[in-house]
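Everything below belongs to data06.cif, which stores mmCIF, C-alpha atoms and all ligand atoms.
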data_run
#
loop_
_atom_site.group_PDB
_atom_site.id
_atom_site.type_symbol
_atom_site.label_atom_id
_atom_site.label_comp_id
_atom_site.auth_asym_id
_atom_site.auth_seq_id
_atom_site.Cartn_x
_atom_site.Cartn_y
_atom_site.Cartn_z
ATOM 1 C CA MET U 566 31.368 72.775 -44.348
ATOM 2 C CA SER U 567 33.228 74.575 -41.545
ATOM 3 C CA LEU U 568 34.361 72.138 -38.881
ATOM 4 C CA ARG U 569 33.623 73.122 -35.303
ATOM 5 C CA ASP U 570 35.356 71.846 -32.190
ATOM 6 C CA TYR U 571 33.729 68.461 -31.777
ATOM 7 C CA ASP U 572 35.778 67.760 -28.648
ATOM 8 C CA ASN U 573 33.244 69.961 -26.834
ATOM 9 C CA ILE U 574 30.732 67.145 -27.302
ATOM 10 C CA SER U 575 32.932 64.485 -25.667
ATOM 11 C CA PRO U 576 32.024 65.274 -22.003
ATOM 12 C CA THR U 577 28.441 64.207 -22.750
ATOM 13 C CA ALA U 578 29.771 60.636 -22.884
ATOM 14 C CA ARG U 579 30.325 60.950 -19.128
ATOM 15 C CA LEU U 580 26.738 62.070 -18.588
ATOM 16 C CA VAL U 581 25.512 59.003 -20.476
ATOM 17 C CA ALA U 582 27.835 56.763 -18.443
ATOM 18 C CA GLU U 583 26.439 58.214 -15.227
ATOM 19 C CA MET U 584 22.853 57.472 -16.326
ATOM 20 C CA ARG U 585 23.795 53.918 -17.290
ATOM 21 C CA ARG U 586 24.909 53.102 -13.777
ATOM 22 C CA HIS U 587 21.200 52.871 -12.866
ATOM 23 C CA SER U 588 20.865 49.919 -15.236
ATOM 24 C CA ASP U 589 22.224 46.407 -15.550
ATOM 25 C CA ILE U 590 24.241 47.288 -18.675
ATOM 26 C CA PRO U 591 27.606 45.451 -18.488
ATOM 27 C CA PHE U 592 30.456 47.306 -16.757
ATOM 28 C CA ALA U 593 28.273 50.436 -16.286
ATOM 29 C CA GLU U 594 28.931 50.900 -12.569
ATOM 30 C CA GLU U 595 32.662 50.256 -12.856
ATOM 31 C CA ILE U 596 33.061 52.622 -15.808
ATOM 32 C CA ALA U 597 31.044 55.413 -14.176
ATOM 33 C CA THR U 598 33.127 55.143 -11.009
ATOM 34 C CA ARG U 599 36.444 55.191 -12.834
ATOM 35 C CA ILE U 600 35.640 58.199 -15.013
ATOM 36 C CA GLY U 601 34.152 60.190 -12.135
ATOM 37 C CA SER U 602 30.892 60.770 -13.971
ATOM 38 C CA ALA U 603 28.875 61.590 -10.834
ATOM 39 C CA GLN U 604 31.146 64.550 -10.137
ATOM 40 C CA LEU U 605 30.895 65.809 -13.713
ATOM 41 C CA VAL U 606 27.096 65.637 -13.675
ATOM 42 C CA ARG U 607 27.001 67.548 -10.387
ATOM 43 C CA GLU U 608 29.207 70.217 -11.915
ATOM 44 C CA MET U 609 26.845 70.407 -14.904
ATOM 45 C CA LEU U 610 23.975 70.957 -12.475
ATOM 46 C CA ASP U 611 25.751 73.628 -10.385
ATOM 47 C CA GLY U 612 26.368 71.219 -7.510
ATOM 48 C CA ASP U 613 22.945 69.536 -7.480
ATOM 49 C CA ALA U 614 22.459 65.792 -7.819
ATOM 50 C CA PRO U 615 20.264 64.820 -10.794
ATOM 51 C CA ALA U 616 16.604 65.236 -9.790
ATOM 52 C CA PRO U 617 14.479 62.058 -9.542
ATOM 53 C CA GLU U 618 12.256 63.485 -12.323
ATOM 54 C CA LEU U 619 15.285 63.716 -14.612
ATOM 55 C CA LEU U 620 16.506 60.213 -13.789
ATOM 56 C CA SER U 621 13.061 58.710 -14.278
ATOM 57 C CA TRP U 622 13.121 59.797 -17.941
ATOM 58 C CA MET U 623 16.758 59.737 -18.769
ATOM 59 C CA ALA U 624 17.944 56.423 -17.301
ATOM 60 C CA PRO U 625 15.386 54.213 -19.139
ATOM 61 C CA THR U 626 15.704 56.318 -22.314
ATOM 62 C CA LEU U 627 19.450 55.685 -22.418
ATOM 63 C CA GLU U 628 19.111 52.061 -21.362
ATOM 64 C CA ALA U 629 16.609 51.399 -24.171
ATOM 65 C CA ARG U 630 18.874 53.146 -26.639
ATOM 66 C CA TYR U 631 21.842 50.959 -25.688
ATOM 67 C CA LYS U 632 19.927 47.689 -25.534
ATOM 68 C CA CYS U 633 17.906 48.103 -28.733
ATOM 69 C CA LEU U 634 21.139 48.355 -30.708
ATOM 70 C CA GLU U 635 22.359 45.108 -29.222
ATOM 71 C CA THR U 636 19.076 43.397 -30.172
ATOM 72 C CA ALA U 637 19.204 44.865 -33.691
ATOM 73 C CA LEU U 638 22.795 43.724 -34.198
ATOM 74 C CA LYS U 639 21.934 40.187 -33.136
ATOM 75 C CA THR U 640 18.897 40.177 -35.463
ATOM 76 C CA ALA U 641 20.961 41.489 -38.391
ATOM 77 C CA GLY U 642 23.429 38.661 -37.786
ATOM 78 C CA ILE U 643 26.333 40.695 -39.198
ATOM 79 C CA LYS U 644 29.714 39.740 -37.789
ATOM 80 C CA GLN U 645 31.698 42.952 -38.245
ATOM 81 C CA ILE U 646 30.617 46.141 -36.607
ATOM 82 C CA VAL U 647 31.810 49.734 -36.816
ATOM 83 C CA GLU U 648 30.641 52.031 -34.043
ATOM 84 C CA LEU U 649 30.963 55.818 -34.351
ATOM 85 C CA GLY U 650 31.304 58.080 -31.298
ATOM 86 C CA SER U 651 31.608 55.088 -28.968
ATOM 87 C CA GLY U 652 32.277 57.096 -25.794
ATOM 88 C CA PHE U 653 32.446 54.979 -22.659
ATOM 89 C CA ALA U 654 29.933 52.316 -23.694
ATOM 90 C CA PHE U 655 32.493 49.547 -24.392
ATOM 91 C CA ARG U 656 29.768 47.569 -26.125
ATOM 92 C CA GLY U 657 32.337 45.674 -28.193
ATOM 93 C CA ASP U 658 33.694 44.006 -25.083
ATOM 94 C CA ALA U 659 30.212 43.367 -23.723
ATOM 95 C CA MET U 660 28.883 41.751 -26.893
ATOM 96 C CA SER U 661 32.017 39.817 -27.752
ATOM 97 C CA ARG U 662 31.723 37.856 -24.517
ATOM 98 C CA THR U 663 28.842 35.889 -26.034
ATOM 99 C CA HIS U 664 29.036 36.559 -29.796
ATOM 100 C CA PRO U 665 31.971 36.047 -32.165
ATOM 101 C CA LEU U 666 32.332 39.536 -33.630
ATOM 102 C CA ARG U 667 34.928 41.822 -35.186
ATOM 103 C CA TYR U 668 34.100 45.068 -33.436
ATOM 104 C CA ILE U 669 35.705 48.416 -34.328
ATOM 105 C CA GLU U 670 34.961 51.169 -31.842
ATOM 106 C CA THR U 671 35.778 54.712 -32.915
ATOM 107 C CA ASP U 672 35.710 58.222 -31.513
ATOM 108 C CA LEU U 673 37.466 61.568 -31.983
ATOM 109 C CA PRO U 674 41.287 61.399 -31.596
ATOM 110 C CA GLU U 675 41.397 62.972 -28.131
ATOM 111 C CA MET U 676 38.534 60.866 -26.798
ATOM 112 C CA HIS U 677 40.086 57.839 -28.519
ATOM 113 C CA GLU U 678 43.242 58.277 -26.404
ATOM 114 C CA THR U 679 41.206 58.624 -23.194
ATOM 115 C CA ARG U 680 39.177 55.545 -24.074
ATOM 116 C CA LEU U 681 42.283 53.523 -24.880
ATOM 117 C CA ARG U 682 43.810 54.347 -21.490
ATOM 118 C CA LEU U 683 40.634 53.362 -19.638
ATOM 119 C CA HIS U 684 40.242 50.234 -21.738
ATOM 120 C CA ASP U 685 43.792 49.124 -20.936
ATOM 121 C CA GLU U 686 43.202 49.808 -17.253
ATOM 122 C CA LEU U 687 39.930 47.832 -17.220
ATOM 123 C CA ARG U 688 41.595 44.894 -18.962
ATOM 124 C CA ARG U 689 44.606 45.005 -16.681
ATOM 125 C CA ASP U 690 42.285 44.887 -13.655
ATOM 126 C CA GLY U 691 40.276 42.010 -15.095
ATOM 127 C CA VAL U 692 37.046 44.032 -15.458
ATOM 128 C CA LEU U 693 37.038 43.581 -19.233
ATOM 129 C CA PRO U 694 38.077 40.290 -20.792
ATOM 130 C CA ALA U 695 41.056 40.312 -23.172
ATOM 131 C CA GLN U 696 39.634 40.169 -26.702
ATOM 132 C CA GLU U 697 41.712 40.647 -29.816
ATOM 133 C CA ASN U 698 38.719 41.172 -32.063
ATOM 134 C CA VAL U 699 37.736 44.434 -30.340
ATOM 135 C CA VAL U 700 39.725 47.244 -31.937
ATOM 136 C CA PHE U 701 39.780 50.982 -31.203
ATOM 137 C CA ALA U 702 40.435 53.609 -33.888
ATOM 138 C CA PRO U 703 40.324 57.420 -34.062
ATOM 139 C CA LEU U 704 37.673 58.700 -36.458
ATOM 140 C CA ASN U 705 35.792 61.932 -36.998
ATOM 141 C CA ALA U 706 32.293 60.961 -38.120
ATOM 142 C CA VAL U 707 31.864 64.098 -40.230
ATOM 143 C CA ALA U 708 35.063 63.495 -42.187
ATOM 144 C CA PRO U 709 34.196 60.823 -44.798
ATOM 145 C CA GLU U 710 37.884 60.557 -45.766
ATOM 146 C CA ASP U 711 38.626 59.264 -42.231
ATOM 147 C CA ALA U 712 36.817 56.022 -43.096
ATOM 148 C CA ALA U 713 39.980 54.789 -44.851
ATOM 149 C CA VAL U 714 41.446 53.988 -41.429
ATOM 150 C CA LEU U 715 38.720 51.387 -40.926
ATOM 151 C CA GLU U 716 39.589 49.257 -43.931
ATOM 152 C CA GLN U 717 42.729 47.830 -42.314
ATOM 153 C CA HIS U 718 40.486 46.311 -39.629
ATOM 154 C CA LEU U 719 37.629 45.097 -41.833
ATOM 155 C CA VAL U 720 37.466 41.809 -43.700
ATOM 156 C CA PRO U 721 36.943 42.645 -47.393
ATOM 157 C CA GLY U 722 33.748 41.327 -48.901
ATOM 158 C CA GLU U 723 32.067 40.777 -45.543
ATOM 159 C CA PRO U 724 29.060 42.934 -44.641
ATOM 160 C CA VAL U 725 29.357 45.531 -41.939
ATOM 161 C CA ALA U 726 26.859 46.974 -39.472
ATOM 162 C CA VAL U 727 27.487 50.648 -38.709
ATOM 163 C CA ILE U 728 26.002 51.895 -35.465
ATOM 164 C CA HIS U 729 26.053 54.949 -33.202
ATOM 165 C CA GLU U 730 24.037 56.302 -30.315
ATOM 166 C CA GLY U 731 23.990 59.809 -28.894
ATOM 167 C CA LEU U 732 26.014 61.244 -31.784
ATOM 168 C CA LEU U 733 23.887 62.625 -34.610
ATOM 169 C CA GLN U 734 21.696 64.593 -32.200
ATOM 170 C CA TYR U 735 24.611 67.019 -31.972
ATOM 171 C CA PHE U 736 24.976 67.433 -35.718
ATOM 172 C CA THR U 737 23.436 69.956 -38.102
ATOM 173 C CA ARG U 738 21.833 68.705 -41.312
ATOM 174 C CA ASP U 739 25.102 69.292 -43.196
ATOM 175 C CA GLU U 740 27.016 67.288 -40.622
ATOM 176 C CA LYS U 741 24.434 64.491 -40.734
ATOM 177 C CA ARG U 742 24.889 64.451 -44.515
ATOM 178 C CA ALA U 743 28.661 64.076 -44.108
ATOM 179 C CA THR U 744 28.211 61.128 -41.724
ATOM 180 C CA ALA U 745 25.705 59.544 -44.123
ATOM 181 C CA GLN U 746 28.295 59.901 -46.892
ATOM 182 C CA LEU U 747 30.942 58.189 -44.739
ATOM 183 C CA ILE U 748 28.556 55.313 -43.962
ATOM 184 C CA ALA U 749 27.349 55.032 -47.561
ATOM 185 C CA GLY U 750 30.977 54.555 -48.633
ATOM 186 C CA LEU U 751 31.421 51.730 -46.136
ATOM 187 C CA LEU U 752 28.176 50.029 -47.127
ATOM 188 C CA LYS U 753 28.986 50.338 -50.837
ATOM 189 C CA ARG U 754 32.298 48.579 -50.272
ATOM 190 C CA HIS U 755 31.045 45.911 -47.877
ATOM 191 C CA GLY U 756 27.257 45.730 -47.961
ATOM 192 C CA GLY U 757 25.403 45.665 -44.668
ATOM 193 C CA VAL U 758 23.235 47.975 -42.635
ATOM 194 C CA TRP U 759 23.212 51.256 -40.655
ATOM 195 C CA LEU U 760 21.422 51.046 -37.307
ATOM 196 C CA THR U 761 20.876 53.974 -34.967
ATOM 197 C CA PRO U 762 18.459 55.485 -32.477
ATOM 198 C CA ASP U 763 19.840 58.963 -33.228
ATOM 199 C CA PHE U 764 17.195 60.656 -35.395
ATOM 200 C CA GLU U 765 15.086 62.425 -32.810
ATOM 201 C CA LEU U 766 11.563 63.557 -33.620
ATOM 202 C CA ASN U 767 10.067 66.713 -32.207
ATOM 203 C CA ASP U 768 6.593 65.180 -31.859
ATOM 204 C CA ASP U 769 4.007 65.463 -29.050
ATOM 205 C CA ASP U 770 5.383 62.543 -27.048
ATOM 206 C CA SER U 771 8.973 63.744 -27.280
ATOM 207 C CA ARG U 772 7.947 67.260 -26.282
ATOM 208 C CA LYS U 773 6.647 65.847 -22.969
ATOM 209 C CA GLN U 774 10.250 64.974 -22.169
ATOM 210 C CA TRP U 775 12.017 67.949 -23.738
ATOM 211 C CA THR U 776 9.870 70.510 -21.963
ATOM 212 C CA HIS U 777 10.034 68.884 -18.546
ATOM 213 C CA PRO U 778 11.837 71.496 -16.387
ATOM 214 C CA HIS U 779 14.620 69.138 -15.308
ATOM 215 C CA PHE U 780 15.255 68.032 -18.876
ATOM 216 C CA ALA U 781 15.171 71.613 -20.078
ATOM 217 C CA ARG U 782 17.787 72.505 -17.455
ATOM 218 C CA ILE U 783 20.280 69.818 -18.424
ATOM 219 C CA PHE U 784 19.658 70.402 -22.129
ATOM 220 C CA SER U 785 20.514 74.064 -21.790
ATOM 221 C CA VAL U 786 23.787 73.106 -20.050
ATOM 222 C CA ILE U 787 24.523 70.635 -22.862
ATOM 223 C CA ALA U 788 23.660 73.245 -25.497
ATOM 224 C CA ARG U 789 26.058 75.744 -23.925
ATOM 225 C CA SER U 790 28.960 73.329 -23.657
ATOM 226 C CA THR U 791 28.508 71.511 -26.988
ATOM 227 C CA GLN U 792 27.382 74.513 -29.040
ATOM 228 C CA SER U 793 24.452 72.509 -30.359
ATOM 229 C CA ASN U 794 20.869 72.842 -29.314
ATOM 230 C CA LEU U 795 19.506 69.292 -29.285
ATOM 231 C CA ARG U 796 15.993 70.483 -30.084
ATOM 232 C CA ASP U 797 17.086 72.393 -33.190
ATOM 233 C CA THR U 798 18.539 69.296 -34.817
ATOM 234 C CA THR U 799 15.389 67.161 -34.555
ATOM 235 C CA PHE U 800 13.167 66.069 -37.410
ATOM 236 C CA THR U 801 9.463 66.846 -37.292
ATOM 237 C CA ARG U 802 8.167 63.431 -38.365
ATOM 238 C CA VAL U 803 9.149 60.002 -39.693
ATOM 239 C CA ASP U 804 8.550 61.022 -43.318
ATOM 240 C CA GLU U 805 11.002 63.880 -43.003
ATOM 241 C CA VAL U 806 13.691 61.411 -41.869
ATOM 242 C CA LYS U 807 12.838 59.141 -44.803
ATOM 243 C CA ASP U 808 13.005 62.023 -47.307
ATOM 244 C CA PHE U 809 16.265 63.362 -45.923
ATOM 245 C CA PHE U 810 18.108 60.040 -46.121
ATOM 246 C CA SER U 811 16.475 58.857 -49.344
ATOM 247 C CA LYS U 812 18.112 61.848 -51.052
ATOM 248 C CA LEU U 813 21.413 60.389 -49.807
ATOM 249 C CA GLY U 814 20.655 56.942 -51.230
ATOM 250 C CA PHE U 815 19.175 55.190 -48.175
ATOM 251 C CA ARG U 816 15.941 53.320 -47.568
ATOM 252 C CA VAL U 817 14.807 53.975 -43.992
ATOM 253 C CA THR U 818 12.786 51.632 -41.781
ATOM 254 C CA PRO U 819 11.675 52.838 -38.325
ATOM 255 C CA ARG U 820 11.141 50.265 -35.562
ATOM 256 C CA ALA U 821 10.185 50.494 -31.902
ATOM 257 C CA GLN U 822 13.236 50.521 -29.647
ATOM 258 C CA ILE U 823 11.351 48.920 -26.768
ATOM 259 C CA ASP U 824 10.053 45.732 -28.366
ATOM 260 C CA GLY U 825 9.888 43.334 -25.436
ATOM 261 C CA THR U 826 13.230 41.663 -26.171
ATOM 262 C CA PHE U 827 14.959 43.172 -23.117
ATOM 263 C CA ALA U 828 14.124 44.317 -19.606
ATOM 264 C CA LEU U 829 14.393 48.006 -18.740
ATOM 265 C CA SER U 830 16.165 47.401 -15.455
ATOM 266 C CA SER U 831 16.541 51.084 -14.580
ATOM 267 C CA ALA U 832 12.818 51.871 -14.675
ATOM 268 C CA GLU U 833 12.085 50.377 -11.277
ATOM 269 C CA ARG U 834 15.316 51.652 -9.749
ATOM 270 C CA VAL U 835 14.654 55.283 -10.692
ATOM 271 C CA GLY U 836 10.870 55.241 -10.272
ATOM 272 C CA THR U 837 9.763 55.591 -13.908
ATOM 273 C CA THR U 838 5.945 55.631 -13.947
ATOM 274 C CA PRO U 839 3.808 53.361 -16.172
ATOM 275 C CA GLU U 840 2.681 56.493 -18.056
ATOM 276 C CA GLN U 841 6.292 57.488 -18.749
ATOM 277 C CA LEU U 842 7.062 53.941 -19.898
ATOM 278 C CA ASP U 843 4.099 54.044 -22.294
ATOM 279 C CA ILE U 844 5.398 57.267 -23.787
ATOM 280 C CA LEU U 845 8.873 55.777 -24.207
ATOM 281 C CA ARG U 846 7.424 52.631 -25.822
ATOM 282 C CA ARG U 847 5.473 54.761 -28.293
ATOM 283 C CA SER U 848 8.070 57.386 -29.066
ATOM 284 C CA ARG U 849 11.537 55.846 -29.018
ATOM 285 C CA ILE U 850 12.569 54.705 -32.495
ATOM 286 C CA LEU U 851 15.407 52.588 -33.791
ATOM 287 C CA TRP U 852 16.208 53.449 -37.410
ATOM 288 C CA GLU U 853 17.415 50.854 -39.895
ATOM 289 C CA LEU U 854 18.952 52.198 -43.107
ATOM 290 C CA ARG U 855 20.047 50.261 -46.143
ATOM 291 C CA LEU U 856 21.443 51.500 -49.438
ATOM 292 C CA ASP U 857 18.808 51.630 -52.178
HETATM 293 C C1 LIG O 1 26.682 61.602 -25.938
HETATM 294 S S1 LIG O 1 28.257 60.889 -26.187
HETATM 295 C C2 LIG O 1 27.734 59.222 -26.558
HETATM 296 C C3 LIG O 1 28.832 58.226 -26.352
HETATM 297 C C4 LIG O 1 28.442 56.765 -26.564
HETATM 298 N N1 LIG O 1 27.925 56.521 -27.879
HETATM 299 C C5 LIG O 1 27.461 56.327 -25.540
HETATM 300 O O1 LIG O 1 26.271 56.161 -25.861
HETATM 301 O O2 LIG O 1 27.874 56.147 -24.404
HETATM 302 C C6 LIG O 1 28.786 61.540 -27.761
HETATM 303 C C7 LIG O 1 30.069 60.941 -28.288
HETATM 304 O O3 LIG O 1 30.272 61.380 -29.618
HETATM 305 C C8 LIG O 1 31.632 61.684 -29.793
HETATM 306 N N2 LIG O 1 31.738 62.641 -30.914
HETATM 307 C C9 LIG O 1 31.378 63.941 -30.954
HETATM 308 N N3 LIG O 1 31.622 64.474 -32.153
HETATM 309 C C10 LIG O 1 32.146 63.479 -32.907
HETATM 310 C C11 LIG O 1 32.600 63.404 -34.241
HETATM 311 N N4 LIG O 1 32.570 64.456 -35.052
HETATM 312 N N5 LIG O 1 33.069 62.215 -34.682
HETATM 313 C C12 LIG O 1 33.122 61.137 -33.878
HETATM 314 N N6 LIG O 1 32.699 61.138 -32.599
HETATM 315 C C13 LIG O 1 32.222 62.301 -32.124
HETATM 316 C C14 LIG O 1 32.058 62.251 -28.466
HETATM 317 O O4 LIG O 1 33.466 62.218 -28.301
HETATM 318 C C15 LIG O 1 31.306 61.336 -27.507
HETATM 319 O O5 LIG O 1 32.035 60.183 -27.189
#
Let me see the structure of the file written as structure tokens.
Amino acid sequence: MSLRDYDNISPTARLVAEMRRHSDIPFAEEIATRIGSAQLVREMLDGDAPAPELLSWMAPTLEARYKCLETALKTAGIKQIVELGSGFAFRGDAMSRTHPLRYIETDLPEMHETRLRLHDELRRDGVLPAQENVVFAPLNAVAPEDAAVLEQHLVPGEPVAVIHEGLLQYFTRDEKRATAQLIAGLLKRHGGVWLTPDFELNDDDSRKQWTHPHFARIFSVIARSTQSNLRDTTFTRVDEVKDFFSKLGFRVTPRAQIDGTFALSSAERVGTTPEQLDILRRSRILWELRLD
């Protein structure tokens, strides 16, 4: 598989951070301010601020995505977590405040350095608590051999939960296979579970979002800068996801992301309509994968 320049995907982490500032996700406002995400999003939109119609879809979509992973991790009850493509979420620090966890956050080497600098700054300024059990490591999610770096941080024999959000949407089928191989290796050694909202379906409900003019505009900017068209990497239906990953040794269980266990704080702030919320409730899926 020819490796492309994955660093082109990293700026999207700033877009996500900017959308999160409309929610009550921990540290979201502080992080967005420090990384200048508002400016980056304006540049992406040729100087325009994000349209209300874009925010009304995107902010609750990204809030649900973040929060459903937290719920799923608590339900799984697994105490060591590996996150791929962590970006500026800093979920390890957020979760460790209330749960005793060993949390390994990873991203590409360049992004890893940027994240480390920001992390140090946020700790120094007392925004993030000092926590020894939150570790950062560089890791390319399509390079299964990179997983070796994780073992020095993991407790042998203890199960691991592998998570990611906003990562596999950018990957071709071959790249998704490589990530699945990396995760399968981890789960074979440790046991545990793979949890992600990242397998997008190109179904009727999703198309209502994709084809909305404001979404289409930002997606074409993302496609240009990341060299991946988010719509081309989708699956057509749940069974296609199950088939794809069963060939790689996984049993797949789809669940609703929005299951009543958390509030979608951004919906009111950005004017998401009840109809939009219904569509999100129906269409947003959290995928649980276990080795067969
Ligand atoms: C849309 S951002 C999502 C960031 C974060 N998960 C969040 O939700 O805030 C995509 C992230 O994937 C990372 N990424 C892209 N290609 C990657 C790869 N091959 N391996 C690991 N991380 C990658 C980028 O650096 C970026 O942080």
Within 8 Å of ligand LIG 1 (chain O): each chain U residue with its shortest pair, all atoms listed in the file, as JSON lines:
{"residue": "U:Tyr571", "atom": "CA", "partner": "O:LIG1", "partner_atom": "N3", "distance": 4.5}
{"residue": "U:Asp572", "atom": "CA", "partner": "O:LIG1", "partner_atom": "O4", "distance": 6.0}
{"residue": "U:Asn573", "atom": "CA", "partner": "O:LIG1", "partner_atom": "C9", "distance": 7.5}
{"residue": "U:Ile574", "atom": "CA", "partner": "O:LIG1", "partner_atom": "C9", "distance": 4.9}
{"residue": "U:Ser575", "atom": "CA", "partner": "O:LIG1", "partner_atom": "O4", "distance": 3.5}
{"residue": "U:Pro576", "atom": "CA", "partner": "O:LIG1", "partner_atom": "C15", "distance": 6.8}
{"residue": "U:Thr577", "atom": "CA", "partner": "O:LIG1", "partner_atom": "C1", "distance": 4.5}
{"residue": "U:Ala578", "atom": "CA", "partner": "O:LIG1", "partner_atom": "S1", "distance": 3.6}
{"residue": "U:Arg579", "atom": "CA", "partner": "O:LIG1", "partner_atom": "S1", "distance": 7.4}
{"residue": "U:Leu580", "atom": "CA", "partner": "O:LIG1", "partner_atom": "C1", "distance": 7.4}
{"residue": "U:Val581", "atom": "CA", "partner": "O:LIG1", "partner_atom": "O2", "distance": 5.4}
{"residue": "U:Ala582", "atom": "CA", "partner": "O:LIG1", "partner_atom": "O2", "distance": 6.0}
{"residue": "U:Leu627", "atom": "CA", "partner": "O:LIG1", "partner_atom": "O1", "distance": 7.7}
{"residue": "U:Tyr631", "atom": "CA", "partner": "O:LIG1", "partner_atom": "O1", "distance": 6.8}
{"residue": "U:Leu649", "atom": "CA", "partner": "O:LIG1", "partner_atom": "C12", "distance": 5.8}
{"residue": "U:Gly650", "atom": "CA", "partner": "O:LIG1", "partner_atom": "N6", "distance": 3.6}
{"residue": "U:Ser651", "atom": "CA", "partner": "O:LIG1", "partner_atom": "N1", "distance": 4.1}
{"residue": "U:Gly652", "atom": "CA", "partner": "O:LIG1", "partner_atom": "O5", "distance": 3.4}
{"residue": "U:Phe653", "atom": "CA", "partner": "O:LIG1", "partner_atom": "O2", "distance": 5.0}
{"residue": "U:Ala654", "atom": "CA", "partner": "O:LIG1", "partner_atom": "O2", "distance": 4.4}
{"residue": "U:Thr671", "atom": "CA", "partner": "O:LIG1", "partner_atom": "C12", "distance": 7.0}
{"residue": "U:Asp672", "atom": "CA", "partner": "O:LIG1", "partner_atom": "N6", "distance": 4.3}
{"residue": "U:Leu673", "atom": "CA", "partner": "O:LIG1", "partner_atom": "C12", "distance": 4.8}
{"residue": "U:Glu675", "atom": "CA", "partner": "O:LIG1", "partner_atom": "O4", "distance": 8.0}
{"residue": "U:Met676", "atom": "CA", "partner": "O:LIG1", "partner_atom": "O4", "distance": 5.5}
{"residue": "U:His677", "atom": "CA", "partner": "O:LIG1", "partner_atom": "O4", "distance": 7.9}
{"residue": "U:Leu704", "atom": "CA", "partner": "O:LIG1", "partner_atom": "C12", "distance": 5.8}
{"residue": "U:Asn705", "atom": "CA", "partner": "O:LIG1", "partner_atom": "N5", "distance": 3.6}
{"residue": "U:Ala706", "atom": "CA", "partner": "O:LIG1", "partner_atom": "N5", "distance": 3.7}
{"residue": "U:Val707", "atom": "CA", "partner": "O:LIG1", "partner_atom": "N4", "distance": 5.2}
{"residue": "U:Ala708", "atom": "CA", "partner": "O:LIG1", "partner_atom": "N4", "distance": 7.6}
{"residue": "U:His729", "atom": "CA", "partner": "O:LIG1", "partner_atom": "N1", "distance": 5.9}
{"residue": "U:Glu730", "atom": "CA", "partner": "O:LIG1", "partner_atom": "N1", "distance": 4.6}
{"residue": "U:Gly731", "atom": "CA", "partner": "O:LIG1", "partner_atom": "C1", "distance": 4.4}
{"residue": "U:Leu732", "atom": "CA", "partner": "O:LIG1", "partner_atom": "O3", "distance": 4.8}
{"residue": "U:Tyr735", "atom": "CA", "partner": "O:LIG1", "partner_atom": "N3", "distance": 7.5}
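Counting from CA of Arg782 in chain U, the distance to CA of Ser621 in chain U is 14.9 Å.
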Write out as number ranges by chain each polymer residue whose atoms come within 8 Å of Met584 in chain U, counting all atoms listed in the file; drop sequence neighbours fewer than 5 positions from it. U: 620, 623-624, 627
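Going from CA of Val803 in chain U over to CA of Arg816 in chain U, you cover 12.4 Å.
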In Å to one decimal, how far is CA of Ala821 in chain U from CA of Ser848 in chain U? 7.7 Å
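Among U:Thr744, U:Thr737, U:Ser811, U:Thr837, the residue with the shortest atom-to-atom distance to Thr799 in chain U, counting all atoms listed in the file, is U:Thr737.
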Around (19.6, 48.8, -45.0), as given in the file, which residues come within 8 Å? Count all atoms listed in the file and list them as a list in words. Gly757, Val758, Trp759, Phe815, Arg816, Val817, Glu853, Leu854, Arg855, Leu856 and Asp857 of chain U
Can you turn the PyMOL selection byres (((chain U and resi 842-846) around 9) and not hetatm) into a concrete residue list for this file, as a PyMOL selection string? chain U and resi 622+625-626+629+770-771+773+821-824+832+837-841+847-850
Dump as a tab-separated table the rows for residues of range 676-786 of chain U within 9 Å of range 792-796 of chain U: closest atom pair and distance in Å with one decimal, all atoms listed in the file counted, ordered by chain and rising residue number.
residue	atom	partner	partner_atom	distance
U:Gln734	CA	U:Leu795	CA	5.9
U:Tyr735	CA	U:Ser793	CA	5.7
U:Phe736	CA	U:Ser793	CA	7.4
U:Thr737	CA	U:Ser793	CA	8.2
U:Glu765	CA	U:Arg796	CA	8.6
U:Leu766	CA	U:Arg796	CA	8.9
U:Asn767	CA	U:Arg796	CA	7.3
U:Trp775	CA	U:Arg796	CA	7.9
U:Phe784	CA	U:Leu795	CA	7.2
U:Ser785	CA	U:Asn794	CA	7.6
Write out as a list in words each polymer residue whose atoms come within 12 Å of Glu608 in chain U, counting all atoms listed in the file; drop sequence neighbours fewer than 2 positions from it. Pro576, Arg579, Leu580, Gly601, Ser602, Ala603, Gln604, Leu605, Val606, Leu610, Asp611, Gly612, Asp613, Ala614, Pro615, Ile783, Val786 and Ile787 of chain U
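Proximity to Arg607 in chain U was assessed for U:Glu833, U:Phe809, U:Glu583, U:Pro665 counting all atoms listed in the file; the smallest distance is recorded for U:Glu583.
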Quick one: 4 Å padding each side, axis-aligned, all listed atoms of range 677-684 of chain U - centre and edge lengths in Å to one decimal, as JSON?
{"center_x": 41.5, "center_y": 54.4, "center_z": -24.1, "size_x": 12.6, "size_y": 16.4, "size_z": 16.9}
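With distances restricted to all atoms listed in the file, U:Ile600 is the closest residue to Leu683 in chain U from U:Ile600, U:Leu634, U:Ala745, U:Ala781.
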Around the point (34.1, 40.6, -33.1) (coordinates from the file), which residues reach within 8 Å if we count all atoms listed in the file? Answer as a PyMOL selection string. chain U and resi 644-646+657+661+664-668+698-699
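Each of U:Thr801, U:Gln746, U:Ser588, U:Thr640 was compared to Leu829 in chain U using all atoms listed in the file, and U:Ser588 turns out to be the nearest.
Selection check: the PyMOL selection byres (((chain U and resi 713) around 12) and not hetatm) on the shown file gives Ala702, Pro703, Leu704, Asn705, Ala706, Ala708, Pro709, Glu710, Asp711, Ala712, Val714, Leu715, Glu716, Gln717, His718, Leu719, Leu747, Ile748, Gly750, Leu751 and Arg754 of chain U.
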